[in-house]
Amino acid sequence: MYLCFFVTPKLPSYSKVYEDINKLVKSCYEDVNSCEDVLFKINQYQKNAVKYKKFSCQTRLLGLEANIIMAMNSNFKKKEAKSLIDDVKRYC
């Protein structure tokens, strides 16, 4: 008799991801020089969302990346970022 175990990959804790992203975005808005590092980190989360087929999460992270790019170009949209971060919490 054969026993087969199917193991699904463990998803990362997205509540921690939400907290990290919230801190990252806040640091970008406080210091524009940190935005490039923030963008890189959020992009890593976005790639991870694809890996786990969390496409709704990926979409929100892509929107947040666009918002960070605008912040880097001094086109701040803090209200939009807050909305995107709330969506990240909901969909991730």
# chains A, B, ... in the order shown; residues from 1 in each chain; ligands from 1

$ residues_around --residues "Ala49 (chain A)" --least-positions-apart "6" --cutoff "9 Å" --atoms "only C-alpha atoms" --output "list of chain:residue names"
A:Phe55, A:Ser56, A:Cys57, A:Gln58, A:Leu61, A:Cys92

$ residues_around --residues "Val25 (chain A)" --least-positions-apart "6" --cutoff "9 Å" --atoms "only C-alpha atoms" --output "PyMOL selection string"
chain A and resi 35+38-39+64+68+81+85

$ select_by_dssp --residues "region 2-71 of chain A" --states "helix (DSSP H, G or I)" --output "JSON, numbers by chain"
{"A": [14, 15, 16, 17, 18, 19, 20, 21, 22, 23, 24, 25, 26, 27, 28, 29, 30, 32, 33, 34, 35, 36, 37, 38, 39, 40, 41, 42, 43, 44, 45, 46, 47, 48, 49, 50, 51, 55, 56, 57, 58, 59, 60, 61, 62, 63, 64, 65, 66, 67, 68, 69, 70, 71]}

$ atom_distance --atom1 "CA of Phe40 (chain A)" --atom2 "CA of Ser27 (chain A)"
13.5 Å

$ residues_around --residues "Tyr29 (chain A)" --least-positions-apart "6" --cutoff "12 Å" --atoms "only C-alpha atoms" --output "list in words"
Asn22, Lys23, Cys35, Glu36, Val38, Leu39, Asn67, Ile68, Ile69, Met70, Ala71, Met72, Asn73, Ser74, Asn75, Phe76, Lys77, Lys78, Lys79, Ala81 and Lys82 of chain A

$ atom_distance --atom1 "CA of Lys53 (chain A)" --atom2 "CA of Asp37 (chain A)"
24.6 Å
